[in-house]
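To be precise, the following lines are data32.txt, and they hold compact mmCIF, C-alpha atoms and all ligand atoms.
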```txt
# COMPACT_ATOMS: atom_id res chain seq x y z
CA MET A 1 112.57 92.78 125.87
CA LEU A 2 113.98 96.07 127.15
CA VAL A 3 113.55 99.00 124.75
CA SER A 4 114.67 102.63 124.79
CA LEU A 5 112.28 105.56 124.89
CA PRO A 6 112.66 106.35 121.14
CA GLU A 7 112.08 102.67 120.30
CA ALA A 8 108.99 102.62 122.52
CA ASN A 9 107.65 105.69 120.75
CA LYS A 10 108.19 104.14 117.32
CA LEU A 11 106.43 100.95 118.35
CA LEU A 12 103.45 102.81 119.79
CA GLU A 13 103.13 104.92 116.65
CA SER A 14 102.89 101.76 114.58
CA GLY A 15 100.07 100.38 116.75
CA GLU A 16 102.17 98.08 118.91
CA VAL A 17 101.92 97.75 122.69
CA VAL A 18 104.73 98.68 125.09
CA ALA A 19 105.00 98.23 128.87
CA LEU A 20 105.75 101.55 130.58
CA PRO A 21 106.43 102.49 134.19
CA THR A 22 103.98 104.52 136.27
CA GLU A 23 104.26 105.38 139.96
CA THR A 24 101.65 102.70 140.81
CA VAL A 25 102.48 99.65 138.67
CA TYR A 26 103.84 99.05 135.15
CA GLY A 27 101.15 99.45 132.48
CA LEU A 28 100.77 97.72 129.12
CA ALA A 29 100.21 100.76 126.92
CA GLY A 30 98.67 101.27 123.50
CA ARG A 31 97.39 104.31 121.60
CA ILE A 32 93.65 104.81 122.00
CA ASP A 33 93.32 105.63 118.27
CA HIS A 34 94.71 102.22 117.22
CA ASP A 35 92.09 99.47 117.58
CA LYS A 36 94.81 96.96 116.78
CA ALA A 37 96.79 98.12 119.83
CA ILE A 38 93.75 97.93 122.10
CA GLN A 39 92.98 94.42 120.90
CA LYS A 40 96.60 93.43 121.44
CA ILE A 41 96.46 94.67 125.05
CA PHE A 42 93.54 92.31 125.74
CA SER A 43 95.10 89.35 123.92
CA THR A 44 98.56 89.81 125.50
CA LYS A 45 97.03 89.93 128.98
CA GLN A 46 94.49 87.18 128.19
CA ARG A 47 92.05 89.65 129.68
CA PRO A 48 88.28 89.27 129.24
CA PHE A 49 86.60 92.06 127.27
CA PHE A 50 84.23 92.94 130.15
CA ASP A 51 87.08 94.59 132.08
CA PRO A 52 87.58 98.21 130.90
CA LEU A 53 90.98 99.92 130.43
CA ILE A 54 92.16 103.14 132.06
CA VAL A 55 93.11 105.96 129.64
CA HIS A 56 96.28 107.85 130.58
CA VAL A 57 96.72 111.53 129.74
CA ASN A 58 99.40 114.21 130.15
CA SER A 59 97.15 117.12 131.16
CA ILE A 60 93.68 118.11 132.32
CA GLU A 61 93.09 119.43 128.77
CA MET A 62 93.78 115.99 127.30
CA ALA A 63 91.55 114.37 129.93
CA LYS A 64 88.72 116.65 128.84
CA THR A 65 89.01 115.34 125.26
CA CYS A 66 88.24 111.82 126.56
CA VAL A 67 85.05 112.66 128.45
CA SER A 68 81.73 114.31 127.60
CA GLN A 69 81.40 116.05 130.98
CA TRP A 70 84.03 117.57 133.22
CA PRO A 71 82.46 118.89 136.44
CA GLU A 72 84.12 121.26 138.94
CA PHE A 73 84.81 118.33 141.25
CA ALA A 74 86.93 116.71 138.54
CA THR A 75 89.07 119.87 138.34
CA LEU A 76 89.42 119.86 142.11
CA LEU A 77 90.40 116.16 142.17
CA ALA A 78 92.87 116.60 139.31
CA LYS A 79 94.43 119.69 140.89
CA THR A 80 94.78 117.90 144.22
CA TYR A 81 95.99 114.47 143.11
CA TRP A 82 97.37 114.69 139.55
CA PRO A 83 99.90 113.71 138.53
CA GLY A 84 99.25 110.77 140.84
CA PRO A 85 97.47 107.52 141.72
CA LEU A 86 93.87 108.61 141.07
CA THR A 87 91.62 107.47 138.19
CA ILE A 88 88.50 109.54 137.52
CA VAL A 89 85.59 107.81 135.77
CA LEU A 90 83.22 110.12 133.86
CA PRO A 91 80.78 109.84 130.91
CA LYS A 92 82.95 109.11 127.86
CA ALA A 93 83.52 111.22 124.75
CA SER A 94 82.50 109.68 121.42
CA GLN A 95 86.18 109.39 120.35
CA ILE A 96 86.71 106.72 123.05
CA SER A 97 85.95 103.33 121.53
CA GLY A 98 83.72 100.84 123.30
CA LEU A 99 86.61 98.38 123.08
CA ILE A 100 88.43 100.44 125.71
CA THR A 101 85.43 100.88 128.01
CA SER A 102 84.01 97.36 127.60
CA GLY A 103 80.92 98.92 126.05
CA LEU A 104 80.26 101.22 129.03
CA ASP A 105 79.26 104.86 128.55
CA SER A 106 81.97 105.93 130.96
CA VAL A 107 85.77 106.07 130.81
CA GLY A 108 88.47 106.15 133.47
CA VAL A 109 91.19 108.81 133.00
CA ARG A 110 94.43 109.26 134.90
CA LEU A 111 97.53 111.49 134.72
CA PRO A 112 100.38 109.33 136.05
CA ARG A 113 103.31 110.63 138.09
CA HIS A 114 106.18 109.08 136.18
CA LYS A 115 108.35 111.09 133.81
CA VAL A 116 108.80 108.23 131.32
CA PHE A 117 105.06 107.67 130.90
CA VAL A 118 104.24 111.37 130.57
CA ASP A 119 107.14 111.92 128.13
CA VAL A 120 105.74 109.17 125.93
CA ILE A 121 102.24 110.71 125.93
CA ASP A 122 103.82 114.11 125.10
CA GLU A 123 105.59 112.54 122.15
CA GLN A 124 102.59 110.55 120.92
CA LYS A 125 100.21 113.51 121.41
CA CYS A 126 97.58 110.85 122.03
CA PRO A 127 96.16 109.32 125.22
CA LEU A 128 97.38 105.80 126.01
CA ALA A 129 95.17 103.02 127.33
CA ALA A 130 97.07 100.90 129.85
CA PRO A 131 96.03 98.16 132.24
CA SER A 132 98.58 96.69 134.61
CA ALA A 133 101.18 94.71 132.63
CA ASN A 134 100.42 91.25 134.01
CA LYS A 135 98.42 88.27 132.81
CA PHE A 136 94.77 88.40 133.81
CA GLY A 137 94.22 87.66 137.50
CA ARG A 138 97.91 87.65 138.35
CA VAL A 139 100.18 89.88 140.43
CA SER A 140 100.78 93.38 139.01
CA PRO A 141 104.39 94.26 138.03
CA THR A 142 106.28 96.95 139.91
CA THR A 143 109.63 96.54 138.11
CA ALA A 144 110.64 96.08 134.45
CA GLU A 145 112.00 92.67 135.40
CA HIS A 146 108.55 91.58 136.64
CA VAL A 147 107.17 92.40 133.17
CA GLU A 148 110.01 90.48 131.50
CA VAL A 149 109.29 87.39 133.59
CA GLU A 150 105.51 87.66 133.20
CA PHE A 151 105.64 87.65 129.39
CA ASP A 152 108.85 85.64 128.80
CA GLN A 153 110.67 88.71 127.44
CA ARG A 154 108.21 88.93 124.57
CA VAL A 155 106.72 92.32 125.44
CA PRO A 156 108.77 95.49 124.88
CA VAL A 157 109.29 97.32 128.17
CA VAL A 158 110.92 100.63 129.14
CA ASP A 159 112.78 100.34 132.45
CA GLY A 160 111.83 103.26 134.69
CA GLY A 161 112.96 101.74 137.99
CA PRO A 162 110.76 100.31 140.73
CA CYS A 163 107.31 101.87 141.21
CA THR A 164 107.15 104.15 144.22
CA VAL A 165 103.47 103.72 145.16
CA GLY A 166 103.31 100.01 144.38
CA ILE A 167 99.57 99.34 144.21
CA GLU A 168 97.06 100.43 141.55
CA SER A 169 95.34 103.83 141.54
CA THR A 170 92.23 104.66 143.52
CA VAL A 171 89.30 104.63 141.06
CA VAL A 172 86.45 107.11 141.63
CA LEU A 173 83.24 107.29 139.62
CA LEU A 174 81.70 110.77 139.42
CA ARG A 175 77.98 111.22 138.73
CA PRO A 176 77.77 114.90 137.78
CA HIS A 177 73.94 114.98 137.58
CA GLU A 178 73.38 113.36 140.95
CA LYS A 179 76.29 115.25 142.49
CA ASN A 180 77.66 112.15 144.13
CA PHE A 181 80.57 109.78 143.65
CA SER A 182 81.71 106.26 144.55
CA VAL A 183 85.11 104.72 145.14
CA LEU A 184 85.19 101.72 142.77
CA ARG A 185 88.69 100.55 143.71
CA LYS A 186 90.57 101.39 146.86
CA GLY A 187 94.11 102.73 146.61
CA MET A 188 96.54 104.80 148.61
CA ILE A 189 94.32 107.91 148.43
CA SER A 190 91.90 107.41 151.28
CA GLU A 191 88.10 107.54 151.13
CA THR A 192 88.08 109.95 154.09
CA GLU A 193 90.16 112.47 152.14
CA LEU A 194 88.00 112.09 149.04
CA LYS A 195 84.83 112.49 151.08
CA GLN A 196 86.10 115.74 152.60
CA LEU A 197 87.16 117.11 149.23
CA GLY A 198 83.82 116.13 147.65
CA ALA A 199 81.93 117.95 150.38
CA THR A 200 83.66 121.23 149.47
CA CYS A 201 81.86 121.20 146.10
CA GLY A 202 78.61 119.55 147.17
CA TYR A 203 79.45 115.95 146.20
CA GLU A 204 78.33 113.16 148.48
CA MET A 205 80.08 109.80 148.64
CA THR A 206 77.78 106.82 148.04
CA ALA A 207 78.23 103.10 147.59
CA SER A 208 78.55 101.92 143.99
CA HIS A 209 75.07 101.37 142.50
CA SER A 210 75.68 98.12 140.68
CA ALA A 211 78.17 95.58 139.46
CA ILE A 212 77.88 97.12 135.98
CA GLU A 213 79.31 100.40 137.27
CA SER A 214 82.20 98.57 138.80
CA PRO A 215 83.44 95.91 136.39
CA GLY A 216 86.65 93.99 136.75
CA HIS A 217 86.06 93.33 140.42
CA LEU A 218 86.54 89.62 140.66
CA LYS A 219 86.80 87.58 143.80
CA HIS A 220 90.33 86.47 142.98
CA HIS A 221 92.98 88.74 141.51
CA TYR A 222 96.68 89.47 142.05
CA MET A 223 97.28 85.75 142.61
CA PRO A 224 100.84 84.47 143.01
CA SER A 225 101.91 81.21 141.36
CA ILE A 226 101.60 79.19 144.59
CA PRO A 227 98.72 79.47 147.11
CA LEU A 228 98.75 82.35 149.57
CA ILE A 229 97.07 81.63 152.88
CA LEU A 230 96.08 84.36 155.33
CA VAL A 231 96.21 83.18 158.91
CA GLY A 232 94.16 85.14 161.43
CA GLY A 233 95.11 83.54 164.74
CA GLU A 234 96.77 80.50 166.28
CA VAL A 235 96.17 77.43 164.11
CA LYS A 236 97.06 73.99 165.49
CA ASP A 237 98.98 71.80 163.03
CA LEU A 238 99.03 74.45 160.30
CA LYS A 239 100.39 72.14 157.55
CA LYS A 240 97.61 69.60 158.01
CA LYS A 241 94.94 72.29 158.20
CA ILE A 242 96.21 73.88 154.97
CA GLU A 243 96.35 70.52 153.17
CA GLU A 244 92.77 69.72 154.16
CA SER A 245 91.43 73.15 153.26
CA LEU A 246 93.21 73.28 149.88
CA ARG A 247 91.70 69.92 148.96
CA ASP A 248 88.21 71.46 149.14
CA LEU A 249 88.99 74.32 146.73
CA PRO A 250 87.69 74.36 143.14
CA ASP A 251 90.19 74.27 140.23
CA SER A 252 89.37 77.80 139.22
CA VAL A 253 87.24 80.73 140.32
CA GLU A 254 85.78 83.13 137.72
CA GLY A 255 88.34 81.99 135.16
CA VAL A 256 91.33 82.45 137.46
CA LYS A 257 93.07 79.11 137.99
CA LEU A 258 93.89 78.14 141.56
CA ILE A 259 97.04 76.14 142.13
CA ARG A 260 96.80 73.24 144.58
CA PRO A 261 99.88 71.38 145.75
CA SER A 262 98.98 67.82 146.76
CA LYS A 263 100.98 68.01 149.98
CA ILE A 264 102.64 70.71 152.00
CA ASP A 265 106.30 70.10 152.81
CA SER A 266 107.46 73.65 153.28
CA ILE A 267 105.82 76.94 154.10
CA HIS A 268 107.23 80.39 153.31
CA GLU A 269 106.15 83.14 155.67
CA MET A 270 105.63 86.43 153.87
CA LYS A 271 106.27 89.64 155.78
CA LEU A 272 105.46 93.28 155.00
CA PRO A 273 106.72 96.53 156.53
CA THR A 274 104.47 97.92 159.28
CA GLU A 275 104.29 101.35 157.62
CA PRO A 276 101.45 101.34 155.03
CA ALA A 277 103.19 103.34 152.25
CA LEU A 278 106.21 101.01 152.45
CA ALA A 279 104.02 97.92 152.67
CA ALA A 280 102.19 99.02 149.49
CA ARG A 281 105.47 99.68 147.69
CA GLU A 282 106.81 96.22 148.52
CA LEU A 283 103.56 94.24 148.33
CA TYR A 284 103.78 92.83 144.80
CA THR A 285 107.54 92.26 144.88
CA GLU A 286 107.07 90.38 148.15
CA LEU A 287 104.26 88.29 146.67
CA ARG A 288 106.40 87.37 143.68
CA ASN A 289 109.55 86.68 145.72
CA SER A 290 107.59 84.62 148.23
CA ALA A 291 106.39 82.39 145.40
CA GLN A 292 109.98 81.78 144.26
CA GLN A 293 111.41 80.41 147.51
CA GLY A 294 110.83 76.79 146.54
CA SER A 295 108.08 76.41 149.14
CA ASP A 296 104.68 74.83 148.52
CA VAL A 297 102.60 77.65 149.99
CA ILE A 298 102.93 81.21 151.30
CA VAL A 299 101.54 82.10 154.70
CA PHE A 300 100.84 85.66 155.81
CA LYS A 301 99.98 86.23 159.47
CA LEU A 302 97.34 88.89 160.00
CA GLN A 303 98.06 91.45 162.73
CA PRO A 304 95.60 93.76 164.49
CA TYR A 305 97.03 96.85 162.71
CA HIS A 306 96.19 95.31 159.34
CA LYS A 307 92.55 96.19 160.17
CA GLU A 308 93.34 99.92 160.24
CA LYS A 309 92.03 102.18 157.45
CA SER A 310 95.56 102.91 156.21
CA PHE A 311 95.96 99.19 155.38
CA GLU A 312 92.56 98.77 153.73
CA ALA A 313 93.72 98.92 150.09
CA ILE A 314 96.67 96.62 150.82
CA MET A 315 94.55 94.07 152.69
CA GLU A 316 91.91 94.11 149.96
CA ARG A 317 94.60 92.97 147.52
CA MET A 318 95.99 90.40 149.96
CA THR A 319 92.49 88.95 150.38
CA LYS A 320 91.97 88.70 146.62
CA ALA A 321 95.42 87.18 146.20
CA ALA A 322 94.71 84.56 148.86
CA SER A 323 93.44 81.08 148.12
CA LEU A 324 92.40 80.61 151.76
CA VAL A 325 91.81 82.57 154.93
CA LEU A 326 92.25 80.51 158.09
O1 LIG B 1 97.35 102.42 138.75
C1 LIG B 1 96.65 102.03 137.82
O2 LIG B 1 95.46 102.34 137.73
C2 LIG B 1 97.30 101.12 136.77
C3 LIG B 1 98.36 101.93 136.02
C4 LIG B 1 98.94 101.18 134.85
O3 LIG B 1 97.83 103.16 135.64
N1 LIG B 1 96.33 100.59 135.88
C5 LIG B 1 95.45 99.62 136.25
O4 LIG B 1 94.63 99.17 135.24
O5 LIG B 1 95.38 99.16 137.37
P1 LIG B 1 93.78 97.83 135.30
O6 LIG B 1 93.29 97.61 133.93
O7 LIG B 1 94.58 96.75 135.88
O8 LIG B 1 92.55 98.20 136.18
C6 LIG B 1 91.53 98.98 135.62
C7 LIG B 1 90.30 98.93 136.48
C8 LIG B 1 89.21 98.05 135.91
O9 LIG B 1 89.35 96.71 136.29
C9 LIG B 1 87.98 98.68 136.50
O10 LIG B 1 87.82 98.17 137.79
C10 LIG B 1 88.35 100.15 136.58
O11 LIG B 1 89.72 100.24 136.51
N2 LIG B 1 87.76 100.92 135.46
C11 LIG B 1 88.34 101.34 134.32
N3 LIG B 1 87.47 101.99 133.53
C12 LIG B 1 86.29 101.98 134.18
C13 LIG B 1 84.99 102.47 133.88
N4 LIG B 1 84.69 103.09 132.74
N5 LIG B 1 84.03 102.27 134.78
C14 LIG B 1 84.30 101.63 135.95
N6 LIG B 1 85.51 101.13 136.28
C15 LIG B 1 86.49 101.31 135.42
MG MG B 2 95.25 94.96 136.89
```
What does the file become when written as structure tokens?
Amino acid sequence: MLVSLPEANKLLESGEVVALPTETVYGLAGRIDHDKAIQKIFSTKQRPFFDPLIVHVNSIEMAKTCVSQWPEFATLLAKTYWPGPLTIVLPKASQISGLITSGLDSVGVRLPRHKVFVDVIDEQKCPLAAPSANKFGRVSPTTAEHVEVEFDQRVPVVDGGPCTVGIESTVVLLRPHEKNFSVLRKGMISETELKQLGATCGYEMTASHSAIESPGHLKHHYMPSIPLILVGGEVKDLKKKIEESLRDLPDSVEGVKLIRPSKIDSIHEMKLPTEPALAARELYTELRNSAQQGSDVIVFKLQPYHKEKSFEAIMERMTKAASLVL
């Protein structure tokens, strides 16, 4: 259900949830001071409580109210990339409820680069928690229409046009005491850039210490409604090979249901632009459109350039969206 900005503000004030545009993907937003709103985010998405939400702010000052430590490196990151597709995870302030952080002592904060979202935070004068506005495990929305389809028009959404970045923010975890950081989720801001920036204030990049530090990282995610199959090279009798391989798959993996057509009559070949920024922008729309062509499966042919660093974040999502890699 499309709503205007004033309507969205009213709903948020009363503890409702509203889908809002960001430059990465549309988020399902709720005020962090309304437990009812936070609970509604989880129930609307059918999202498990072990997957923490990102808190969106309109300034560095507001970000500081959400965390208990704000090191120099955070200022440097925020000044370099905010507003933009970077989420900074730091020890949380006591005002941030454990519902938002899945009981963790840390919280992810981000200042998005979309006027609508920032205007709403300005008006609310309160940070907004917002995960991507899709059902758990499914493809993230990059248009208001995607949100409408995902939730059968039942969720209020402000139309802010198509998202310009197209994939979710890069998530970095800072450990101020150890003076190091880890990239928990890849995005369009590269690890090489972050590493160089970290070095200027004595921060080293390390691998994430444990699964607890990096929740919400399931094997399957971003899955379209029909199977996506990544094909690495020449496969003889592709239809037969796909049929056989799909038969061996389980019904669901980590709570995400896999769809298995009994036979393959038609295959849709999905294509992406060769330029990484454009490929990211079109990725989720392409995944959704590919699933609506009336075919039984989607095939995506892997090319040598997909192995390049600039495609890493995109290919990570393609791999998680895929039922099979042949
Ligand atoms: O671009 C984005 O980040 C979008 C837009 C709406 O801002 N949001 C988004 O949220 O992708 P979501 O909920 O789909 O992904 C949040 C992920 C979690 O699954 C987790 O991996 C990480 O961010 N995260 C959030 N808080 C964390 C924390 N305290 N510690 C570690 N990881 C955290
Ligand atoms: Mg998501």
### Selection within 7 Å of ligand LIG 1 (chain B) by only C-alpha atoms and all ligand atoms, output as an NGL selection string
:A and (22 or 24-28 or 51-54 or 85 or 87 or 89 or 101 or 104 or 106-108 or 112 or 130-132 or 167-169 or 171 or 173 or 184-185 or 213-217)
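For the residues A:Arg31, A:Lys240, A:Lys309, A:Lys135, ranking by smallest atom-to-atom distance to ligand MG 2 (chain B) using only C-alpha atoms and all ligand atoms places A:Lys135 first.
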### Message
Here is a test: counting only C-alpha atoms and all ligand atoms, which residue of A:Gly137, A:Pro227, A:Gly161, A:Gly233 is nearest to ligand MG 2 (chain B)?
### Response
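Looking only at the distances to ligand MG 2 (chain B), the closest residue turns out to be A:Gly137.
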### Query
Which is closer to Phe42 of chain A than all the others in A:Met1, A:Val157, A:Leu99, A:Met205, using all atoms listed in the file?
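Of all the options, A:Leu99 lies closest to Phe42 of chain A.
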### Task
Quick one: pull the distance between atom CA of Thr142 of chain A and atom CA of Thr65 of chain A, Å, one decimal.
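Atom-to-atom, atom CA of Thr142 of chain A to atom CA of Thr65 of chain A, that is 29.2 Å.
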Could you pull the residues within 12 Å of segment 302-308 of chain A, counting all atoms listed in the file, minus those fewer than 6 positions along the same chain, as a JSON list (two decimals) with C-alpha atoms, in the coordinates of the input?
```json
[["chain", "number", "residue", "atom", "x", "y", "z"],
["A", 190, "SER", "CA", 91.90, 107.41, 151.28],
["A", 229, "ILE", "CA", 97.07, 81.63, 152.88],
["A", 230, "LEU", "CA", 96.08, 84.36, 155.33],
["A", 231, "VAL", "CA", 96.21, 83.18, 158.91],
["A", 232, "GLY", "CA", 94.16, 85.14, 161.43],
["A", 233, "GLY", "CA", 95.11, 83.54, 164.74],
["A", 234, "GLU", "CA", 96.77, 80.50, 166.28],
["A", 269, "GLU", "CA", 106.15, 83.14, 155.67],
["A", 270, "MET", "CA", 105.63, 86.43, 153.87],
["A", 271, "LYS", "CA", 106.27, 89.64, 155.78],
["A", 272, "LEU", "CA", 105.46, 93.28, 155.00],
["A", 273, "PRO", "CA", 106.72, 96.53, 156.53],
["A", 274, "THR", "CA", 104.47, 97.92, 159.28],
["A", 275, "GLU", "CA", 104.29, 101.35, 157.62],
["A", 276, "PRO", "CA", 101.45, 101.34, 155.03],
["A", 279, "ALA", "CA", 104.02, 97.92, 152.67],
["A", 314, "ILE", "CA", 96.67, 96.62, 150.82],
["A", 315, "MET", "CA", 94.55, 94.07, 152.69],
["A", 316, "GLU", "CA", 91.91, 94.11, 149.96],
["A", 318, "MET", "CA", 95.99, 90.40, 149.96],
["A", 319, "THR", "CA", 92.49, 88.95, 150.38],
["A", 325, "VAL", "CA", 91.81, 82.57, 154.93],
["A", 326, "LEU", "CA", 92.25, 80.51, 158.09]]
```
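Every polymer residue reaching to within 8 Å of (100.9, 100.5, 114.0), counting all atoms listed in the file, appears in this list: Leu11, Leu12, Glu13, Ser14, Gly15, Glu16, His34, Lys36 and Ala37 of chain A.
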Some atoms are absent from segment 40-56 of chain A, so rebuild N, CA, C and O atoms and return them as a PDB file, in the frame of the given file.
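Final output, result_34.pdb:
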```pdb
ATOM      1  N   LYS A  40      95.376  94.130 121.031  1.00  0.00           N
ATOM      2  CA  LYS A  40      96.600  93.430 121.440  1.00  0.00           C
ATOM      3  C   LYS A  40      96.805  93.492 122.961  1.00  0.00           C
ATOM      4  O   LYS A  40      97.348  92.564 123.565  1.00  0.00           O
ATOM      5  N   ILE A  41      96.364  94.587 123.579  1.00  0.00           N
ATOM      6  CA  ILE A  41      96.460  94.670 125.050  1.00  0.00           C
ATOM      7  C   ILE A  41      95.644  93.525 125.666  1.00  0.00           C
ATOM      8  O   ILE A  41      96.125  92.789 126.525  1.00  0.00           O
ATOM      9  N   PHE A  42      94.403  93.368 125.190  1.00  0.00           N
ATOM     10  CA  PHE A  42      93.540  92.310 125.740  1.00  0.00           C
ATOM     11  C   PHE A  42      94.124  90.920 125.472  1.00  0.00           C
ATOM     12  O   PHE A  42      94.153  90.073 126.360  1.00  0.00           O
ATOM     13  N   SER A  43      94.615  90.698 124.234  1.00  0.00           N
ATOM     14  CA  SER A  43      95.100  89.350 123.920  1.00  0.00           C
ATOM     15  C   SER A  43      96.412  89.041 124.657  1.00  0.00           C
ATOM     16  O   SER A  43      96.607  87.933 125.138  1.00  0.00           O
ATOM     17  N   THR A  44      97.294  90.040 124.788  1.00  0.00           N
ATOM     18  CA  THR A  44      98.560  89.810 125.500  1.00  0.00           C
ATOM     19  C   THR A  44      98.297  89.452 126.958  1.00  0.00           C
ATOM     20  O   THR A  44      98.911  88.566 127.525  1.00  0.00           O
ATOM     21  N   LYS A  45      97.355  90.163 127.567  1.00  0.00           N
ATOM     22  CA  LYS A  45      97.030  89.930 128.980  1.00  0.00           C
ATOM     23  C   LYS A  45      96.125  88.722 129.194  1.00  0.00           C
ATOM     24  O   LYS A  45      95.895  88.326 130.321  1.00  0.00           O
ATOM     25  N   GLN A  46      95.551  88.197 128.097  1.00  0.00           N
ATOM     26  CA  GLN A  46      94.490  87.180 128.190  1.00  0.00           C
ATOM     27  C   GLN A  46      93.380  87.700 129.089  1.00  0.00           C
ATOM     28  O   GLN A  46      92.888  87.023 129.983  1.00  0.00           O
ATOM     29  N   ARG A  47      93.029  88.962 128.833  1.00  0.00           N
ATOM     30  CA  ARG A  47      92.050  89.650 129.680  1.00  0.00           C
ATOM     31  C   ARG A  47      90.678  89.586 129.035  1.00  0.00           C
ATOM     32  O   ARG A  47      90.542  89.808 127.838  1.00  0.00           O
ATOM     33  N   PRO A  48      89.619  89.301 129.819  1.00  0.00           N
ATOM     34  CA  PRO A  48      88.280  89.270 129.240  1.00  0.00           C
ATOM     35  C   PRO A  48      87.824  90.678 128.832  1.00  0.00           C
ATOM     36  O   PRO A  48      88.240  91.664 129.455  1.00  0.00           O
ATOM     37  N   PHE A  49      86.986  90.750 127.800  1.00  0.00           N
ATOM     38  CA  PHE A  49      86.600  92.060 127.270  1.00  0.00           C
ATOM     39  C   PHE A  49      85.646  92.841 128.178  1.00  0.00           C
ATOM     40  O   PHE A  49      85.377  94.000 127.938  1.00  0.00           O
ATOM     41  N   PHE A  50      85.152  92.209 129.272  1.00  0.00           N
ATOM     42  CA  PHE A  50      84.230  92.940 130.150  1.00  0.00           C
ATOM     43  C   PHE A  50      84.972  93.836 131.141  1.00  0.00           C
ATOM     44  O   PHE A  50      84.363  94.554 131.915  1.00  0.00           O
ATOM     45  N   ASP A  51      86.295  93.815 131.115  1.00  0.00           N
ATOM     46  CA  ASP A  51      87.080  94.590 132.080  1.00  0.00           C
ATOM     47  C   ASP A  51      87.690  95.814 131.386  1.00  0.00           C
ATOM     48  O   ASP A  51      88.610  95.681 130.584  1.00  0.00           O
ATOM     49  N   PRO A  52      87.156  97.028 131.660  1.00  0.00           N
ATOM     50  CA  PRO A  52      87.580  98.210 130.900  1.00  0.00           C
ATOM     51  C   PRO A  52      89.000  98.689 131.227  1.00  0.00           C
ATOM     52  O   PRO A  52      89.518  98.421 132.306  1.00  0.00           O
ATOM     53  N   LEU A  53      89.604  99.417 130.267  1.00  0.00           N
ATOM     54  CA  LEU A  53      90.980  99.920 130.430  1.00  0.00           C
ATOM     55  C   LEU A  53      90.960 101.371 130.905  1.00  0.00           C
ATOM     56  O   LEU A  53      90.044 102.131 130.579  1.00  0.00           O
ATOM     57  N   ILE A  54      92.003 101.750 131.632  1.00  0.00           N
ATOM     58  CA  ILE A  54      92.160 103.140 132.060  1.00  0.00           C
ATOM     59  C   ILE A  54      92.919 103.899 130.960  1.00  0.00           C
ATOM     60  O   ILE A  54      93.890 103.385 130.400  1.00  0.00           O
ATOM     61  N   VAL A  55      92.461 105.126 130.659  1.00  0.00           N
ATOM     62  CA  VAL A  55      93.110 105.960 129.640  1.00  0.00           C
ATOM     63  C   VAL A  55      94.029 106.957 130.349  1.00  0.00           C
ATOM     64  O   VAL A  55      93.598 107.673 131.254  1.00  0.00           O
ATOM     65  N   HIS A  56      95.292 106.977 129.930  1.00  0.00           N
ATOM     66  CA  HIS A  56      96.280 107.850 130.580  1.00  0.00           C
ATOM     67  C   HIS A  56      96.523 109.100 129.742  1.00  0.00           C
ATOM     68  O   HIS A  56      96.648 109.014 128.518  1.00  0.00           O
TER      69      HIS A  56
END
```
